[in-house]
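Below is one structure, written out as structure tokens; the observations come after it.
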Amino acid sequence: MKTLIVRPAQASDSARILSMRNEPRTRAMSLTTDVVTQDQHEAWFAKTLASSSRKLYVAALPAAPDAIMGVCRFDIAQSGDEAEISINLAEAAQGQGLSPILITSCVSLFQVHNPAIRTILARVRHENVASQKSFLRAGFQQDASPVEAGCLWYRLEI
Ligand SMILES: CC(C)(COP(=O)(O)OP(=O)(O)OC[C@H]1O[C@@H](n2cnc3c(N)ncnc32)[C@H](O)[C@@H]1OP(=O)(O)O)[C@@H](O)C(=O)NCCC(=O)NCCS
């Protein structure tokens with residue numbers, strides 16, 4: 001079975017995370033589709049690393065632990081027991097069945113670091129079938145919440 005090494009993002013991951021964020025498929029499927037500039041990214045990344053309510057994890061294959069190919073972001077709600085997840089897999093790593101492993105590995109580590117979390121939500125664009133299937137394969141269920149701006153909601157109770 002395939003596995004991924006996951007760890008919290010650190011300052012030295014900045015350039016790789018930006019390059020993955022600006023890959024065409026990622027931009028097309030993101031809630032904001034514009035190219036992210038270096039300045040915008042650096043401000044966002046510094047704020048993210050310092051945040052107590054946003055947690056960022058990176059993933060790599062065990063054979064190449066320094067070659068990050070997955071990123072997972074969690075935004076913790078004010079209630080403290082719910083978080084929204086967002087995932088990104090480098091284009092070179094797509095189509096290999098790695099996304100459910102990315103999701104479950106990052107959720108597990110996030111849960112260890114944030115034991116009060118009970119619910120993880122994912123907001124996925126209606127046309128992003130690969131992402132919808134990935135969350136279903138990782139054990140999420142489509143949520144009955146109303147569709148918001150062309151998105152579907154997926155939910156995992158942990
Ligand atoms: C979402 C993402 C992590 C999925 O990873 P992936 O490796 O591309 O996914 P896969 O190619 O394994 O596809 C997952 C499933 O969707 C299916 N699929 C992929 N594209 C599809 C399409 N256009 N129509 C129908 N099914 C599709 C695959 O056949 C696969 O099905 P299976 O599990 O039954 O075999 C990855 O595409 C990604 O990072 N995309 C850019 C950022 C993004 O969209 N993030 C999610 C925001 S919510």
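Ordering of the structure tokens sets the chain letters (A, B, ...), residue numbers begin anew at 1 in every chain, and ligands are numbered from 1 in the order given.
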Need to verify the contact set: Ala9 in chain A, 7 Å, only C-alpha atoms, exclusion of same-chain residues closer than 5 positions in sequence. Can you return it as a CSV table (one decimal) with C-alpha atoms, in the first residue's frame?
chain,number,residue,atom,x,y,z
A,56,LEU,CA,-0.6,23.8,6.9
A,57,TYR,CA,0.8,20.3,6.2
A,58,VAL,CA,3.1,19.0,3.4
Residues near range 115-122 of chain A, cut-off 9 Å, only C-alpha atoms, skip fewer than 3 positions along chain, as an MDAnalysis selection string = chainID A and resid 74 76 80:86 107 110:112 135 140 143 152:158
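All residues of protein, DNA or RNA that reach within 9 Å of Cys106 in chain A, judged by only C-alpha atoms and not counting those fewer than 5 positions away in the chain, are A:Val6, A:Arg7, A:Tyr57, A:Val58, A:Ala59, A:Val71, A:Cys72, A:Arg73, A:Ile101, A:Gln111.
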I need the residues from that last selection saved to file as an mmCIF file, in the first residue's frame (with N, CA and C atoms), if you can.
data_model
loop_
_atom_site.group_PDB
_atom_site.id
_atom_site.type_symbol
_atom_site.label_atom_id
_atom_site.label_comp_id
_atom_site.auth_asym_id
_atom_site.auth_seq_id
_atom_site.Cartn_x
_atom_site.Cartn_y
_atom_site.Cartn_z
ATOM 1 N N VAL A 6 3.997 12.896 6.107
ATOM 2 C CA VAL A 6 3.411 14.237 6.254
ATOM 3 C C VAL A 6 4.030 14.923 7.473
ATOM 4 N N ARG A 7 4.140 16.232 7.379
ATOM 5 C CA ARG A 7 4.668 17.031 8.490
ATOM 6 C C ARG A 7 4.115 18.451 8.367
ATOM 7 N N TYR A 57 0.025 21.508 6.238
ATOM 8 C CA TYR A 57 0.847 20.299 6.239
ATOM 9 C C TYR A 57 1.350 20.026 4.825
ATOM 10 N N VAL A 58 2.521 19.409 4.735
ATOM 11 C CA VAL A 58 3.061 19.031 3.422
ATOM 12 C C VAL A 58 3.312 17.535 3.422
ATOM 13 N N ALA A 59 3.314 16.961 2.206
ATOM 14 C CA ALA A 59 3.466 15.513 2.076
ATOM 15 C C ALA A 59 4.462 15.180 0.985
ATOM 16 N N VAL A 71 -0.031 19.272 -0.449
ATOM 17 C CA VAL A 71 -0.223 20.302 0.581
ATOM 18 C C VAL A 71 -1.655 20.190 1.080
ATOM 19 N N CYS A 72 -1.825 20.372 2.366
ATOM 20 C CA CYS A 72 -3.147 20.263 2.974
ATOM 21 C C CYS A 72 -3.292 21.398 3.992
ATOM 22 N N ARG A 73 -4.377 22.155 3.857
ATOM 23 C CA ARG A 73 -4.599 23.294 4.756
ATOM 24 C C ARG A 73 -5.859 23.052 5.569
ATOM 25 N N ILE A 101 -4.872 9.191 0.260
ATOM 26 C CA ILE A 101 -3.792 8.976 1.237
ATOM 27 C C ILE A 101 -3.327 10.326 1.793
ATOM 28 N N GLN A 111 -5.384 15.859 13.568
ATOM 29 C CA GLN A 111 -6.187 15.442 14.729
ATOM 30 C C GLN A 111 -5.308 15.259 15.971
#
Of the candidates A:Leu49, A:Ala63, A:Val124, A:Leu18, which shows the shortest atom-to-atom distance to ligand 1, using only C-alpha atoms and all ligand atoms?
-> A:Val124
Of the residues A:Glu23, A:Asp66, A:Asp13, A:Glu42, which is the one nearest to ligand 1, using only C-alpha atoms and all ligand atoms?
-> A:Glu23
What residues have any atom no more than 10 Å from ligand 1 when counting only C-alpha atoms and all ligand atoms, and can you list them as a count of residues only?
-> 55
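Taking only C-alpha atoms into account, Ile68 in chain A lies nearest to A:Ile17 out of the set A:Val35, A:Ile17, A:Ala11, A:Met1.
Counting from CA of Lys2 in chain A, the distance to CA of Pro65 in chain A is 13.8 Å.
CA of Ser105 in chain A lies 7.2 Å from CA of Leu4 in chain A.
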Go through A:Asp75, A:Gly150, A:Gly139, A:Thr3 and flag the residue nearest Ser51 in chain A, using only C-alpha atoms for the distances.
-> A:Asp75
How would you write, as an MDAnalysis selection string, the set of residues in range 1-155 of chain A that DSSP gives as strand (DSSP E)?
-> chainID A and resid 5:8 54:60 70:76 82:89 119:125 141:142 151:155
Selected residues written out, N, CA and C atoms, as a short mmCIF file (atom, residue, chain, number, x, y, z; two decimals), in the first residue's frame:
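File out-v1.cif, as written:
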data_model
loop_
_atom_site.label_atom_id
_atom_site.label_comp_id
_atom_site.auth_asym_id
_atom_site.auth_seq_id
_atom_site.Cartn_x
_atom_site.Cartn_y
_atom_site.Cartn_z
N ILE A 5 4.71 10.57 3.67
CA ILE A 5 5.24 11.19 4.88
C ILE A 5 4.61 12.58 4.97
N VAL A 6 4.00 12.90 6.11
CA VAL A 6 3.41 14.24 6.25
C VAL A 6 4.03 14.92 7.47
N ARG A 7 4.14 16.23 7.38
CA ARG A 7 4.67 17.03 8.49
C ARG A 7 4.12 18.45 8.37
N PRO A 8 4.16 19.23 9.45
CA PRO A 8 3.74 20.63 9.34
C PRO A 8 4.65 21.37 8.36
N ARG A 54 -5.09 28.42 11.53
CA ARG A 54 -4.84 27.84 10.21
C ARG A 54 -3.61 26.94 10.32
N LYS A 55 -3.73 25.69 9.87
CA LYS A 55 -2.62 24.73 9.96
C LYS A 55 -2.32 24.20 8.57
N LEU A 56 -1.04 24.17 8.23
CA LEU A 56 -0.63 23.75 6.90
C LEU A 56 0.31 22.55 7.02
N TYR A 57 0.02 21.51 6.24
CA TYR A 57 0.85 20.30 6.24
C TYR A 57 1.35 20.03 4.82
N VAL A 58 2.52 19.41 4.73
CA VAL A 58 3.06 19.03 3.42
C VAL A 58 3.31 17.54 3.42
N ALA A 59 3.31 16.96 2.21
CA ALA A 59 3.47 15.51 2.08
C ALA A 59 4.46 15.18 0.99
N ALA A 60 5.14 14.05 1.17
CA ALA A 60 6.12 13.57 0.19
C ALA A 60 6.11 12.05 0.20
N GLY A 70 2.44 17.22 -2.01
CA GLY A 70 1.08 17.44 -1.52
C GLY A 70 1.05 18.50 -0.45
N VAL A 71 -0.03 19.27 -0.45
CA VAL A 71 -0.22 20.30 0.58
C VAL A 71 -1.66 20.19 1.08
N CYS A 72 -1.83 20.37 2.37
CA CYS A 72 -3.15 20.26 2.97
C CYS A 72 -3.29 21.40 3.99
N ARG A 73 -4.38 22.15 3.86
CA ARG A 73 -4.60 23.29 4.76
C ARG A 73 -5.86 23.05 5.57
N PHE A 74 -5.80 23.40 6.85
CA PHE A 74 -6.97 23.30 7.71
C PHE A 74 -7.25 24.67 8.32
N ASP A 75 -8.49 25.12 8.21
CA ASP A 75 -8.92 26.36 8.86
C ASP A 75 -9.88 25.98 9.98
N ILE A 76 -9.45 26.26 11.20
CA ILE A 76 -10.25 25.88 12.38
C ILE A 76 -11.32 26.94 12.63
N GLU A 82 -14.47 22.26 14.74
CA GLU A 82 -14.72 22.03 13.32
C GLU A 82 -13.61 22.71 12.51
N ALA A 83 -13.22 22.09 11.39
CA ALA A 83 -12.21 22.71 10.53
C ALA A 83 -12.55 22.44 9.08
N GLU A 84 -12.15 23.38 8.22
CA GLU A 84 -12.33 23.18 6.77
C GLU A 84 -10.99 22.79 6.17
N ILE A 85 -10.99 21.75 5.35
CA ILE A 85 -9.77 21.24 4.73
C ILE A 85 -9.71 21.67 3.27
N SER A 86 -8.49 21.93 2.79
CA SER A 86 -8.26 22.19 1.37
C SER A 86 -7.01 21.40 0.97
N ILE A 87 -7.06 20.76 -0.19
CA ILE A 87 -5.93 19.91 -0.59
C ILE A 87 -5.36 20.34 -1.94
N ASN A 88 -4.10 20.03 -2.13
CA ASN A 88 -3.45 20.29 -3.42
C ASN A 88 -2.37 19.24 -3.65
N LEU A 89 -2.49 18.59 -4.80
CA LEU A 89 -1.50 17.58 -5.18
C LEU A 89 -0.79 18.11 -6.43
N THR A 119 -15.20 17.56 13.55
CA THR A 119 -15.75 17.57 12.19
C THR A 119 -14.79 18.24 11.23
N ILE A 120 -14.57 17.60 10.08
CA ILE A 120 -13.78 18.23 9.02
C ILE A 120 -14.70 18.42 7.81
N LEU A 121 -14.73 19.63 7.27
CA LEU A 121 -15.56 19.94 6.11
C LEU A 121 -14.68 20.26 4.92
N ALA A 122 -15.12 19.88 3.73
CA ALA A 122 -14.41 20.22 2.49
C ALA A 122 -15.39 20.86 1.53
N ARG A 123 -14.97 21.98 0.95
CA ARG A 123 -15.80 22.69 -0.04
C ARG A 123 -15.17 22.46 -1.41
N VAL A 124 -15.88 21.79 -2.28
CA VAL A 124 -15.31 21.39 -3.57
C VAL A 124 -16.14 21.94 -4.71
N ARG A 125 -15.46 22.49 -5.72
CA ARG A 125 -16.20 23.01 -6.88
C ARG A 125 -16.99 21.89 -7.54
N GLN A 141 -18.43 12.15 3.58
CA GLN A 141 -19.74 11.97 2.97
C GLN A 141 -20.21 13.31 2.45
N GLN A 142 -20.92 13.27 1.33
CA GLN A 142 -21.46 14.54 0.83
C GLN A 142 -22.44 15.08 1.85
N CYS A 151 -20.33 25.17 -5.34
CA CYS A 151 -19.54 24.19 -4.58
C CYS A 151 -20.43 23.15 -3.93
N LEU A 152 -19.83 22.01 -3.64
CA LEU A 152 -20.48 20.98 -2.84
C LEU A 152 -19.71 20.87 -1.53
N TRP A 153 -20.41 20.45 -0.48
CA TRP A 153 -19.75 20.26 0.81
C TRP A 153 -19.59 18.78 1.10
N TYR A 154 -18.45 18.42 1.66
CA TYR A 154 -18.20 17.05 2.13
C TYR A 154 -17.84 17.13 3.61
N ARG A 155 -18.21 16.10 4.36
CA ARG A 155 -18.08 16.14 5.82
C ARG A 155 -17.49 14.84 6.34
#
Which one of A:Ser14, A:Thr32, A:Asn114, A:Ser79 sits closest to Trp44 in chain A if you count only C-alpha atoms?
-> A:Ser14
Secondary structure check, alpha helix (DSSP H) residues of chain A, as a ChimeraX atom specification | /A:14-21,24-29,38-50,99-113,129-137
Would you mind exporting C-alpha atoms of the selected residues as a compact mmCIF listing (two decimals), in the first residue's frame?
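This went into selection-v5.txt:
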# COMPACT_ATOMS: atom_id res chain seq x y z
CA SER A 14 7.52 28.47 0.81
CA ALA A 15 8.74 28.42 -2.82
CA ARG A 16 7.52 24.88 -3.47
CA ILE A 17 4.06 25.60 -2.04
CA LEU A 18 3.77 28.72 -4.25
CA SER A 19 4.81 26.86 -7.39
CA MET A 20 2.24 24.14 -6.69
CA ARG A 21 -0.45 26.75 -6.00
CA PRO A 24 -2.84 25.52 -14.02
CA ARG A 25 -5.13 22.74 -12.75
CA THR A 26 -4.82 23.92 -9.18
CA ARG A 27 -5.67 27.49 -10.15
CA ALA A 28 -8.63 26.31 -12.21
CA MET A 29 -10.06 24.28 -9.33
CA GLN A 38 5.50 36.07 -4.80
CA ASP A 39 4.66 39.05 -2.56
CA GLN A 40 1.08 37.88 -1.98
CA HIS A 41 2.32 34.38 -1.21
CA GLU A 42 5.04 35.49 1.21
CA ALA A 43 2.58 37.63 3.19
CA TRP A 44 0.01 34.80 3.25
CA PHE A 45 2.62 32.14 4.12
CA ALA A 46 4.15 34.11 7.02
CA LYS A 47 0.68 34.79 8.43
CA THR A 48 -0.29 31.14 8.00
CA LEU A 49 2.79 29.79 9.81
CA ALA A 50 2.08 32.17 12.71
CA SER A 99 -5.14 11.98 -2.93
CA PRO A 100 -7.12 9.86 -0.41
CA ILE A 101 -3.79 8.98 1.24
CA LEU A 102 -2.88 12.67 1.36
CA ILE A 103 -6.24 13.47 2.96
CA THR A 104 -6.25 10.66 5.56
CA SER A 105 -2.58 11.14 6.49
CA CYS A 106 -2.98 14.88 6.98
CA VAL A 107 -6.30 14.53 8.84
CA SER A 108 -4.65 12.03 11.22
CA LEU A 109 -1.73 14.33 12.02
CA PHE A 110 -3.99 17.37 12.29
CA GLN A 111 -6.19 15.44 14.73
CA VAL A 112 -3.17 14.56 16.88
CA HIS A 113 -2.22 18.23 17.03
CA VAL A 129 -14.95 15.37 -9.82
CA ALA A 130 -11.42 14.16 -8.97
CA SER A 131 -11.55 16.05 -5.67
CA GLN A 132 -15.09 14.90 -4.88
CA LYS A 133 -14.09 11.26 -5.45
CA SER A 134 -10.92 11.75 -3.40
CA PHE A 135 -12.86 12.97 -0.35
CA LEU A 136 -15.39 10.14 -0.70
CA ARG A 137 -12.54 7.61 -0.89
